[in-house]
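**Student:** Next up, input-v1.tsv (TSV, C-alpha atoms (C1' of nucleotides)).
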```tsv
chain	number	residue	atom	x	y	z
A	73	MET	CA	-113.03	94.61	145.90
A	74	SER	CA	-116.35	93.07	146.67
A	75	GLN	CA	-115.76	90.12	144.36
A	76	PHE	CA	-119.51	89.61	144.61
A	77	ASP	CA	-122.03	91.37	142.44
A	78	LEU	CA	-125.47	92.01	143.89
A	79	GLN	CA	-127.09	91.98	140.49
A	80	GLN	CA	-125.61	88.60	139.71
A	81	VAL	CA	-126.55	87.21	143.11
A	82	LEU	CA	-130.13	88.39	142.70
A	83	GLU	CA	-130.39	86.92	139.23
A	84	ALA	CA	-129.20	83.65	140.70
A	85	LEU	CA	-131.65	83.73	143.57
A	86	VAL	CA	-134.70	84.77	141.60
A	87	ASP	CA	-135.07	81.32	140.10
A	88	PRO	CA	-137.16	79.05	142.33
A	89	VAL	CA	-135.10	75.97	141.59
A	90	ARG	CA	-131.86	77.70	142.48
A	91	ARG	CA	-133.36	79.27	145.57
A	92	SER	CA	-134.50	75.83	146.61
A	93	ILE	CA	-130.97	74.53	146.22
A	94	VAL	CA	-129.65	77.30	148.42
A	95	THR	CA	-132.37	76.69	150.97
A	96	GLN	CA	-131.64	72.97	151.12
A	97	LEU	CA	-127.95	73.68	151.62
A	98	ASP	CA	-128.69	76.24	154.28
A	99	ALA	CA	-130.95	73.85	156.13
A	100	THR	CA	-128.36	71.18	156.84
A	101	ASP	CA	-124.94	72.76	157.27
A	102	GLU	CA	-123.70	69.74	155.36
A	103	ASP	CA	-122.53	69.63	151.78
A	104	ILE	CA	-124.88	67.93	149.34
A	105	ARG	CA	-124.21	65.87	146.25
A	106	CYS	CA	-125.59	67.29	142.99
A	107	GLY	CA	-127.80	64.28	142.55
A	108	ASP	CA	-129.17	64.39	146.08
A	109	PHE	CA	-131.08	67.63	145.87
A	110	ASP	CA	-134.84	67.57	145.85
A	111	ILE	CA	-135.40	69.35	142.55
A	112	SER	CA	-137.55	68.37	139.63
A	113	VAL	CA	-135.51	69.21	136.57
A	114	SER	CA	-133.33	67.13	134.29
A	115	LYS	CA	-129.68	66.51	135.05
A	116	SER	CA	-128.47	68.92	132.40
A	117	THR	CA	-130.72	71.65	133.70
A	118	ALA	CA	-129.45	70.99	137.19
A	119	THR	CA	-125.88	71.36	135.97
A	120	HIS	CA	-126.85	74.72	134.50
A	121	HIS	CA	-128.31	75.91	137.80
A	122	PHE	CA	-125.24	74.86	139.75
A	123	LYS	CA	-123.10	76.74	137.29
A	124	VAL	CA	-125.11	79.91	137.78
A	125	LEU	CA	-124.94	79.60	141.56
A	126	ARG	CA	-121.21	79.03	141.42
A	127	ALA	CA	-120.63	81.98	139.08
A	128	ALA	CA	-122.54	84.23	141.45
A	129	GLY	CA	-120.41	83.06	144.33
A	130	LEU	CA	-123.23	81.46	146.25
A	131	ILE	CA	-121.80	77.95	146.30
A	132	ARG	CA	-118.49	76.20	146.10
A	133	GLN	CA	-118.06	72.81	144.45
A	134	TYR	CA	-115.54	70.00	144.77
A	135	TYR	CA	-115.31	66.46	143.54
A	136	VAL	CA	-115.48	63.32	145.61
A	137	GLY	CA	-114.94	60.44	143.28
A	138	THR	CA	-117.53	60.72	140.58
A	139	SER	CA	-119.77	62.87	142.70
A	140	ARG	CA	-119.71	66.62	142.93
A	141	MET	CA	-120.35	68.15	146.31
A	142	ASN	CA	-121.94	71.55	146.84
A	143	SER	CA	-121.19	73.87	149.71
A	144	LEU	CA	-123.01	77.08	150.55
A	145	ARG	CA	-120.70	80.07	150.93
A	146	ARG	CA	-122.68	81.45	153.83
A	147	ALA	CA	-119.96	83.47	155.49
A	148	GLU	CA	-118.87	85.21	152.31
A	149	MET	CA	-122.43	86.07	151.39
A	150	ASP	CA	-123.25	87.33	154.84
A	151	GLU	CA	-120.25	89.60	154.69
A	152	ALA	CA	-120.95	90.86	151.19
A	153	PHE	CA	-124.72	91.25	151.57
A	154	PRO	CA	-125.70	91.18	155.23
A	155	GLY	CA	-129.20	89.91	155.84
A	156	LEU	CA	-129.85	88.82	152.29
A	157	LEU	CA	-129.68	85.06	152.75
A	158	ASP	CA	-131.46	85.34	156.05
A	159	ALA	CA	-134.30	87.08	154.29
A	160	LEU	CA	-134.50	84.49	151.55
A	161	THR	CA	-133.97	81.18	153.30
A	162	PRO	CA	-137.15	80.18	155.08
A	163	ARG	CA	-136.73	78.81	158.57
A	164	PRO	CA	-139.15	76.62	160.50
A	165	ALA	CA	-141.41	78.80	162.62
A	166	GLY	CA	-139.91	79.92	165.89
A	167	VAL	CA	-136.32	79.29	164.98
A	168	ARG	CA	-133.85	82.14	165.10
B	62	MET	CA	-152.82	85.45	154.40
B	63	SER	CA	-149.47	86.86	153.45
B	64	GLN	CA	-150.90	88.88	150.59
B	65	PHE	CA	-147.31	89.21	149.45
B	66	ASP	CA	-145.51	86.65	147.35
B	67	LEU	CA	-141.77	86.34	147.74
B	68	GLN	CA	-141.33	85.07	144.21
B	69	GLN	CA	-143.19	88.05	142.83
B	70	VAL	CA	-141.28	90.49	145.01
B	71	LEU	CA	-137.96	89.03	143.92
B	72	GLU	CA	-138.92	89.15	140.27
B	73	ALA	CA	-139.78	92.80	140.79
B	74	LEU	CA	-136.53	93.58	142.56
B	75	VAL	CA	-134.22	91.74	140.19
B	76	ASP	CA	-134.56	94.42	137.54
B	77	PRO	CA	-132.00	97.20	138.05
B	78	VAL	CA	-134.38	99.94	136.97
B	79	ARG	CA	-137.05	98.83	139.41
B	80	ARG	CA	-134.53	98.35	142.20
B	81	SER	CA	-133.31	101.87	141.52
B	82	ILE	CA	-136.86	103.16	141.86
B	83	VAL	CA	-137.23	101.42	145.20
B	84	THR	CA	-133.87	102.71	146.35
B	85	GLN	CA	-134.72	106.28	145.43
B	86	LEU	CA	-138.00	106.01	147.30
B	87	ASP	CA	-136.29	104.50	150.31
B	88	ALA	CA	-133.70	107.25	150.37
B	89	THR	CA	-136.07	110.14	150.90
B	90	ASP	CA	-139.08	109.02	152.93
B	91	GLU	CA	-141.03	111.25	150.59
B	92	ASP	CA	-143.29	110.21	147.79
B	93	ILE	CA	-141.96	110.78	144.29
B	94	ARG	CA	-143.72	111.67	141.07
B	95	CYS	CA	-143.38	109.12	138.26
B	96	GLY	CA	-141.62	111.66	136.11
B	97	ASP	CA	-139.18	112.70	138.81
B	98	PHE	CA	-137.26	109.48	139.13
B	99	ASP	CA	-133.72	109.29	137.86
B	100	ILE	CA	-134.17	106.46	135.40
B	101	SER	CA	-133.15	106.23	131.78
B	102	VAL	CA	-136.02	104.51	130.06
B	103	SER	CA	-138.94	105.79	128.05
B	104	LYS	CA	-142.20	106.85	129.67
B	105	SER	CA	-144.03	103.73	128.56
B	106	THR	CA	-141.32	101.50	129.93
B	107	ALA	CA	-141.44	103.41	133.20
B	108	THR	CA	-145.18	102.84	133.38
B	109	HIS	CA	-144.54	99.14	132.95
B	110	HIS	CA	-142.01	99.07	135.79
B	111	PHE	CA	-144.33	100.93	138.14
B	112	LYS	CA	-147.05	98.44	137.34
B	113	VAL	CA	-144.80	95.52	138.23
B	114	LEU	CA	-143.76	97.15	141.49
B	115	ARG	CA	-147.36	97.86	142.39
B	116	ALA	CA	-148.48	94.32	141.55
B	117	ALA	CA	-145.77	92.93	143.80
B	118	GLY	CA	-146.92	95.19	146.62
B	119	LEU	CA	-143.73	97.17	146.84
B	120	ILE	CA	-145.26	100.54	146.11
B	121	ARG	CA	-148.56	102.32	146.37
B	122	GLN	CA	-149.70	104.95	143.88
B	123	TYR	CA	-152.13	107.84	144.00
B	124	TYR	CA	-152.95	110.75	141.77
B	125	VAL	CA	-152.29	114.40	142.45
B	126	GLY	CA	-153.73	116.30	139.54
B	127	THR	CA	-152.13	114.97	136.44
B	128	SER	CA	-149.21	113.53	138.32
B	129	ARG	CA	-148.99	110.11	139.86
B	130	MET	CA	-147.20	109.80	143.15
B	131	ASN	CA	-145.33	106.72	144.30
B	132	SER	CA	-144.98	105.60	147.88
B	133	LEU	CA	-142.80	102.78	149.16
B	134	ARG	CA	-144.68	100.27	151.29
B	135	ARG	CA	-141.80	99.86	153.69
B	136	ALA	CA	-143.72	98.71	156.73
B	137	GLU	CA	-145.67	96.04	154.89
B	138	MET	CA	-142.55	94.71	153.22
B	139	ASP	CA	-140.59	94.67	156.46
B	140	GLU	CA	-143.35	92.68	158.07
B	141	ALA	CA	-143.74	90.24	155.20
B	142	PHE	CA	-140.03	89.79	154.46
B	143	PRO	CA	-137.92	91.05	157.34
B	144	GLY	CA	-134.51	92.25	156.31
B	145	LEU	CA	-135.09	91.99	152.59
B	146	LEU	CA	-135.33	95.67	151.72
B	147	ASP	CA	-132.56	96.46	154.17
B	148	ALA	CA	-130.35	94.04	152.31
B	149	LEU	CA	-131.20	95.49	148.93
B	150	THR	CA	-131.33	99.23	149.47
B	151	PRO	CA	-127.82	100.59	149.67
B	152	ARG	CA	-127.18	103.11	152.42
B	153	PRO	CA	-124.38	105.66	152.60
B	154	ALA	CA	-121.48	104.21	154.54
B	155	GLY	CA	-121.83	104.42	158.28
B	156	VAL	CA	-125.56	104.95	158.34
B	157	ARG	CA	-127.74	102.48	160.17
C	190	DG	C1'	-111.22	45.56	130.75
C	191	DC	C1'	-116.29	46.72	131.20
C	192	DA	C1'	-120.50	48.32	132.74
C	193	DG	C1'	-122.79	51.54	135.25
C	194	DA	C1'	-123.15	55.78	137.85
C	195	DA	C1'	-122.55	60.90	138.07
C	196	DG	C1'	-122.06	64.98	135.78
C	197	DT	C1'	-120.89	67.94	131.80
C	198	DA	C1'	-121.28	69.88	127.10
C	199	DT	C1'	-123.85	71.01	123.15
C	200	DG	C1'	-127.49	72.49	120.49
C	201	DA	C1'	-132.31	73.47	119.93
C	202	DT	C1'	-136.55	75.41	121.41
C	203	DG	C1'	-140.29	78.07	123.60
C	204	DG	C1'	-141.73	81.51	126.45
C	205	DC	C1'	-141.18	85.42	128.91
C	206	DT	C1'	-139.90	90.32	129.45
C	207	DG	C1'	-137.72	94.74	128.94
C	208	DT	C1'	-137.80	98.07	125.48
C	209	DC	C1'	-139.73	101.54	122.42
C	210	DA	C1'	-142.87	104.38	119.32
C	211	DA	C1'	-147.23	105.98	118.45
C	212	DA	C1'	-151.81	107.06	119.64
C	213	DC	C1'	-154.82	108.18	123.31
C	214	DT	C1'	-156.76	110.25	127.87
C	215	DT	C1'	-157.02	113.34	131.38
C	216	DT	C1'	-155.89	117.18	133.97
C	217	DG	C1'	-154.42	121.98	134.63
C	218	DA	C1'	-153.21	126.51	133.01
C	219	DT	C1'	-153.72	130.35	129.81
D	165	DA	C1'	-161.90	126.69	124.28
D	166	DT	C1'	-157.12	125.39	123.67
D	167	DC	C1'	-152.81	123.64	124.55
D	168	DA	C1'	-149.35	121.46	126.92
D	169	DA	C1'	-147.92	118.25	130.52
D	170	DA	C1'	-148.12	113.63	132.57
D	171	DG	C1'	-149.14	108.97	132.17
D	172	DT	C1'	-151.36	104.97	130.03
D	173	DT	C1'	-152.39	101.61	126.40
D	174	DT	C1'	-151.41	98.98	122.64
D	175	DG	C1'	-148.68	96.47	119.57
D	176	DA	C1'	-144.32	94.97	117.96
D	177	DC	C1'	-139.79	93.29	118.53
D	178	DA	C1'	-135.34	91.47	120.26
D	179	DG	C1'	-132.80	89.08	123.48
D	180	DC	C1'	-132.35	86.26	127.07
D	181	DC	C1'	-132.99	82.03	129.77
D	182	DA	C1'	-134.93	77.76	131.67
D	183	DT	C1'	-135.65	73.48	129.82
D	184	DC	C1'	-134.72	69.12	127.60
D	185	DA	C1'	-132.58	65.19	124.88
D	186	DT	C1'	-128.58	63.42	123.28
D	187	DA	C1'	-123.89	62.48	123.26
D	188	DC	C1'	-119.76	62.57	125.78
D	189	DT	C1'	-116.32	62.13	129.79
D	190	DT	C1'	-114.65	60.25	133.92
D	191	DC	C1'	-114.55	57.82	137.76
D	192	DT	C1'	-115.64	53.26	140.56
D	193	DG	C1'	-116.35	48.40	141.34
D	194	DC	C1'	-116.54	43.92	139.76
```
Using structure tokens, write down the structure from this file.
**Tutor:**
Amino acid sequence: MSQFDLQQVLEALVDPVRRSIVTQLDATDEDIRCGDFDISVSKSTATHHFKVLRAAGLIRQYYVGTSRMNSLRRAEMDEAFPGLLDALTPRPAGVR
Amino acid sequence: MSQFDLQQVLEALVDPVRRSIVTQLDATDEDIRCGDFDISVSKSTATHHFKVLRAAGLIRQYYVGTSRMNSLRRAEMDEAFPGLLDALTPRPAGVR
DNA sequence: GCAGAAGTATGATGGCTGTCAAACTTTGAT
DNA sequence: ATCAAAGTTTGACAGCCATCATACTTCTGC
């Protein structure tokens, strides 16, 4: 039933670029346009990373005009793998 | 100071064989001989996996005669990356 | 309509890594 | 002394994956 596969989620999160995307999403609680992430890869590579994150269930995507918005599926992940995202998304010191 | 690198730890844990090794160690609280793990790879491949786990700081190894024992560095990992091993080592339902 | 902006799709490529077999080392038991 | 057990080392190989450039699609605004 889990719908989410730990192996797939880990393979998604092991890449630094993808983990950075997740971290940036987690830091704002706001959805972020594909082009607005602070990542240093080409557009086509970015598209690939978003696809991997989406396939693993980590993000959800929807269009707004010509832009594509990205939303972190925090609740679903926390239910499927409690503590995982907490362990992987760095927080500023003293915040909990 | 951290001595432990999250990227390296994740790269170690993303492999199913290595994660299985960690899980088996975590399940017993006893050290396990290299040859006594339930893994289905050749001896040389096993050696490789143990090396990766050791380099990442996940396990410690010591010799007993001709055997090599493996010990999970739970405490160190919990301090360096709180919640990570808990999220990745499956427990029988209802155990916490 | 047209130009530009935002992503996607398609190959191609290079590097990394998990895998194994074979040869070797070392330890313990007979 | 010998032999077997337990790991390690080395080298080779195959498959995967992150990356990019290029071409394409689709919206928006003028």
**Student:** May I ask which of the residues A:Glu83, A:Leu130, A:Thr100, A:Ala152 is the closest one to chain D, counting all atoms listed in the file?
**Tutor:** A:Glu83
**Student:** Kindly determine which residues of chain A lie within 12 Å of chain C, considering all atoms listed in the file, and give the answer as a list in words.
**Tutor:**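 Close to chain C, chain A has Arg105, Cys106, Gly107, Asp108, Ser114, Lys115, Ser116, Thr117, Ala118, Thr119, His120, Phe122, Lys123, Tyr135, Val136, Gly137, Thr138, Ser139, Arg140 and Met141 of chain A.
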**Student:** So how many Å separate CA of Ala148 (chain B) and CA of Leu156 (chain A), to one decimal?
**Tutor:**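 One can read the CA of Ala148 (chain B) to CA of Leu156 (chain A) distance as 5.2 Å.
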**Student:** Rounded to one decimal in Å, what is the spacing between C1' of DA169 (chain D) and CA of Ala117 (chain B)?
**Tutor:**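 Computed distance, C1' of DA169 (chain D) to CA of Ala117 (chain B), equals 28.7 Å.
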**Student:** Which residues of chain D are close to chain B, meaning at most 8 Å apart when you count all atoms listed in the file, and how do they look as a count of residues only?
**Tutor:** 4
**Student:** For a quick check of understanding, using all atoms listed in the file, which of B:Asp90, B:Arg121, B:Val113, B:Ser81 has the smallest distance to Gln69 (chain B)?
**Tutor:**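 Residue with the minimum atom-to-atom distance to Gln69 (chain B): B:Val113.
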**Student:** Rank A:Ile131, A:Met149, A:Leu125, A:Val94 by their smallest atom-to-atom distance to chain B, using all atoms listed in the file, and report the top residue only.
**Tutor:**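 With all atoms listed in the file as the atom set, the closest residue is A:Met149.
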**Student:** Please report as a PyMOL selection string which residues of chain B come no farther than 9 Å from chain A, using all atoms listed in the file.
**Tutor:** chain B and resi 67-68+71-72+74-77+142-149
**Student:** For the selection you just gave me, I'd like the residues written to a file as an mmCIF file, in the coordinates of the input, keeping C-alpha atoms.
**Tutor:**
```cif
data_model
loop_
_atom_site.group_PDB
_atom_site.id
_atom_site.type_symbol
_atom_site.label_atom_id
_atom_site.label_comp_id
_atom_site.auth_asym_id
_atom_site.auth_seq_id
_atom_site.Cartn_x
_atom_site.Cartn_y
_atom_site.Cartn_z
ATOM 1 C CA LEU B 67 -141.770 86.340 147.740
ATOM 2 C CA GLN B 68 -141.330 85.070 144.210
ATOM 3 C CA LEU B 71 -137.960 89.030 143.920
ATOM 4 C CA GLU B 72 -138.920 89.150 140.270
ATOM 5 C CA LEU B 74 -136.530 93.580 142.560
ATOM 6 C CA VAL B 75 -134.220 91.740 140.190
ATOM 7 C CA ASP B 76 -134.560 94.420 137.540
ATOM 8 C CA PRO B 77 -132.000 97.200 138.050
ATOM 9 C CA PHE B 142 -140.030 89.790 154.460
ATOM 10 C CA PRO B 143 -137.920 91.050 157.340
ATOM 11 C CA GLY B 144 -134.510 92.250 156.310
ATOM 12 C CA LEU B 145 -135.090 91.990 152.590
ATOM 13 C CA LEU B 146 -135.330 95.670 151.720
ATOM 14 C CA ASP B 147 -132.560 96.460 154.170
ATOM 15 C CA ALA B 148 -130.350 94.040 152.310
ATOM 16 C CA LEU B 149 -131.200 95.490 148.930
#
```
**Student:** Please indicate the distance in Å from C1' of DT190 (chain D) to CA of Val113 (chain A), rounded to one decimal place.
**Tutor:**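 The value is 22.9 Å.
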**Student:** Find the residues around Ile93 (chain A) up to 8 Å (only C-alpha atoms (C1' of nucleotides) counted), leave out those fewer than 4 positions away in its own chain, and share them as a list in words.
**Tutor:** Val89, Leu97, Phe109, Asp110 and Ile111 of chain A
**Student:** May I have the residues within 6 Å of Asn142 (chain A) as a list in words, using all atoms listed in the file and disregarding those fewer than 4 positions away in the same chain?
**Tutor:**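 Close residues of Asn142 (chain A): Asp103, Ile104, Arg132 and Gln133 of chain A.
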**Student:** Got a sec to write region 65-153 of chain B of the block to a file, C-alpha atoms, as an mmCIF file, in the first residue's frame?
**Tutor:**
```cif
data_model
loop_
_atom_site.group_PDB
_atom_site.id
_atom_site.type_symbol
_atom_site.label_atom_id
_atom_site.label_comp_id
_atom_site.auth_asym_id
_atom_site.auth_seq_id
_atom_site.Cartn_x
_atom_site.Cartn_y
_atom_site.Cartn_z
ATOM 1 C CA PHE B 65 31.269 12.253 9.450
ATOM 2 C CA ASP B 66 30.104 13.344 6.034
ATOM 3 C CA LEU B 67 26.414 13.130 5.259
ATOM 4 C CA GLN B 68 27.033 12.704 1.560
ATOM 5 C CA GLN B 69 29.347 9.791 2.203
ATOM 6 C CA VAL B 70 26.957 8.204 4.674
ATOM 7 C CA LEU B 71 24.080 8.472 2.232
ATOM 8 C CA GLU B 72 26.127 7.002 -0.582
ATOM 9 C CA ALA B 73 26.921 4.120 1.727
ATOM 10 C CA LEU B 74 23.323 3.595 2.751
ATOM 11 C CA VAL B 75 21.784 3.843 -0.697
ATOM 12 C CA ASP B 76 23.034 0.405 -1.666
ATOM 13 C CA PRO B 77 20.552 -2.303 -0.634
ATOM 14 C CA VAL B 78 23.259 -4.784 0.303
ATOM 15 C CA ARG B 79 24.993 -2.307 2.567
ATOM 16 C CA ARG B 80 21.726 -1.156 4.086
ATOM 17 C CA SER B 81 20.915 -4.784 4.783
ATOM 18 C CA ILE B 82 24.233 -5.178 6.570
ATOM 19 C CA VAL B 83 23.484 -2.164 8.734
ATOM 20 C CA THR B 84 19.988 -3.414 9.423
ATOM 21 C CA GLN B 85 21.227 -6.833 10.477
ATOM 22 C CA LEU B 86 23.756 -5.238 12.797
ATOM 23 C CA ASP B 87 21.137 -2.927 14.246
ATOM 24 C CA ALA B 88 18.765 -5.801 14.867
ATOM 25 C CA THR B 89 20.973 -7.748 17.239
ATOM 26 C CA ASP B 90 23.164 -5.373 19.247
ATOM 27 C CA GLU B 91 25.827 -8.007 18.761
ATOM 28 C CA ASP B 92 28.796 -7.855 16.481
ATOM 29 C CA ILE B 93 28.634 -10.064 13.402
ATOM 30 C CA ARG B 94 31.338 -11.905 11.506
ATOM 31 C CA CYS B 95 31.781 -10.867 7.869
ATOM 32 C CA GLY B 96 30.874 -14.334 6.729
ATOM 33 C CA ASP B 97 27.766 -14.556 8.871
ATOM 34 C CA PHE B 98 25.715 -11.882 7.191
ATOM 35 C CA ASP B 99 22.729 -12.864 5.116
ATOM 36 C CA ILE B 100 23.801 -11.294 1.853
ATOM 37 C CA SER B 101 23.940 -12.774 -1.611
ATOM 38 C CA VAL B 102 27.135 -11.465 -3.116
ATOM 39 C CA SER B 103 30.581 -12.944 -3.500
ATOM 40 C CA LYS B 104 33.217 -12.643 -0.796
ATOM 41 C CA SER B 105 35.173 -10.011 -2.683
ATOM 42 C CA THR B 106 32.084 -7.924 -3.219
ATOM 43 C CA ALA B 107 31.266 -8.239 0.468
ATOM 44 C CA THR B 108 34.741 -7.003 1.334
ATOM 45 C CA HIS B 109 34.123 -3.992 -0.875
ATOM 46 C CA HIS B 110 30.834 -3.184 0.872
ATOM 47 C CA PHE B 111 32.394 -3.449 4.315
ATOM 48 C CA LYS B 112 35.126 -1.095 3.204
ATOM 49 C CA VAL B 113 32.595 1.487 2.065
ATOM 50 C CA LEU B 114 30.664 1.218 5.321
ATOM 51 C CA ARG B 115 33.833 1.593 7.339
ATOM 52 C CA ALA B 116 35.019 4.583 5.309
ATOM 53 C CA ALA B 117 31.696 6.303 5.908
ATOM 54 C CA GLY B 118 32.013 5.667 9.630
ATOM 55 C CA LEU B 119 28.986 3.442 9.884
ATOM 56 C CA ILE B 120 30.799 0.394 11.183
ATOM 57 C CA ARG B 121 33.930 -0.512 13.060
ATOM 58 C CA GLN B 122 35.886 -3.695 12.420
ATOM 59 C CA TYR B 123 38.273 -5.806 14.455
ATOM 60 C CA TYR B 124 39.856 -9.184 14.073
ATOM 61 C CA VAL B 125 39.165 -12.268 16.134
ATOM 62 C CA GLY B 126 41.508 -14.938 14.879
ATOM 63 C CA THR B 127 40.893 -15.322 11.214
ATOM 64 C CA SER B 128 37.481 -13.758 11.425
ATOM 65 C CA ARG B 129 36.657 -10.107 11.135
ATOM 66 C CA MET B 130 33.931 -8.761 13.348
ATOM 67 C CA ASN B 131 31.670 -5.854 12.447
ATOM 68 C CA SER B 132 30.196 -3.421 14.907
ATOM 69 C CA LEU B 133 27.615 -0.748 14.171
ATOM 70 C CA ARG B 134 28.642 2.711 15.340
ATOM 71 C CA ARG B 135 25.149 3.585 16.457
ATOM 72 C CA ALA B 136 25.987 6.212 19.026
ATOM 73 C CA GLU B 137 28.302 8.154 16.753
ATOM 74 C CA MET B 138 25.798 8.103 13.924
ATOM 75 C CA ASP B 139 22.939 9.150 16.166
ATOM 76 C CA GLU B 140 24.982 12.083 17.355
ATOM 77 C CA ALA B 141 26.138 13.123 13.898
ATOM 78 C CA PHE B 142 22.824 12.573 12.104
ATOM 79 C CA PRO B 143 19.984 12.285 14.594
ATOM 80 C CA GLY B 144 17.103 10.190 13.369
ATOM 81 C CA LEU B 145 18.794 8.971 10.227
ATOM 82 C CA LEU B 146 19.442 5.365 11.209
ATOM 83 C CA ASP B 147 16.084 5.209 12.950
ATOM 84 C CA ALA B 148 14.459 6.197 9.691
ATOM 85 C CA LEU B 149 16.369 3.639 7.679
ATOM 86 C CA THR B 150 16.476 0.557 9.865
ATOM 87 C CA PRO B 151 13.126 -1.180 9.745
ATOM 88 C CA ARG B 152 11.774 -2.388 13.065
ATOM 89 C CA PRO B 153 9.160 -5.065 13.648
#
```
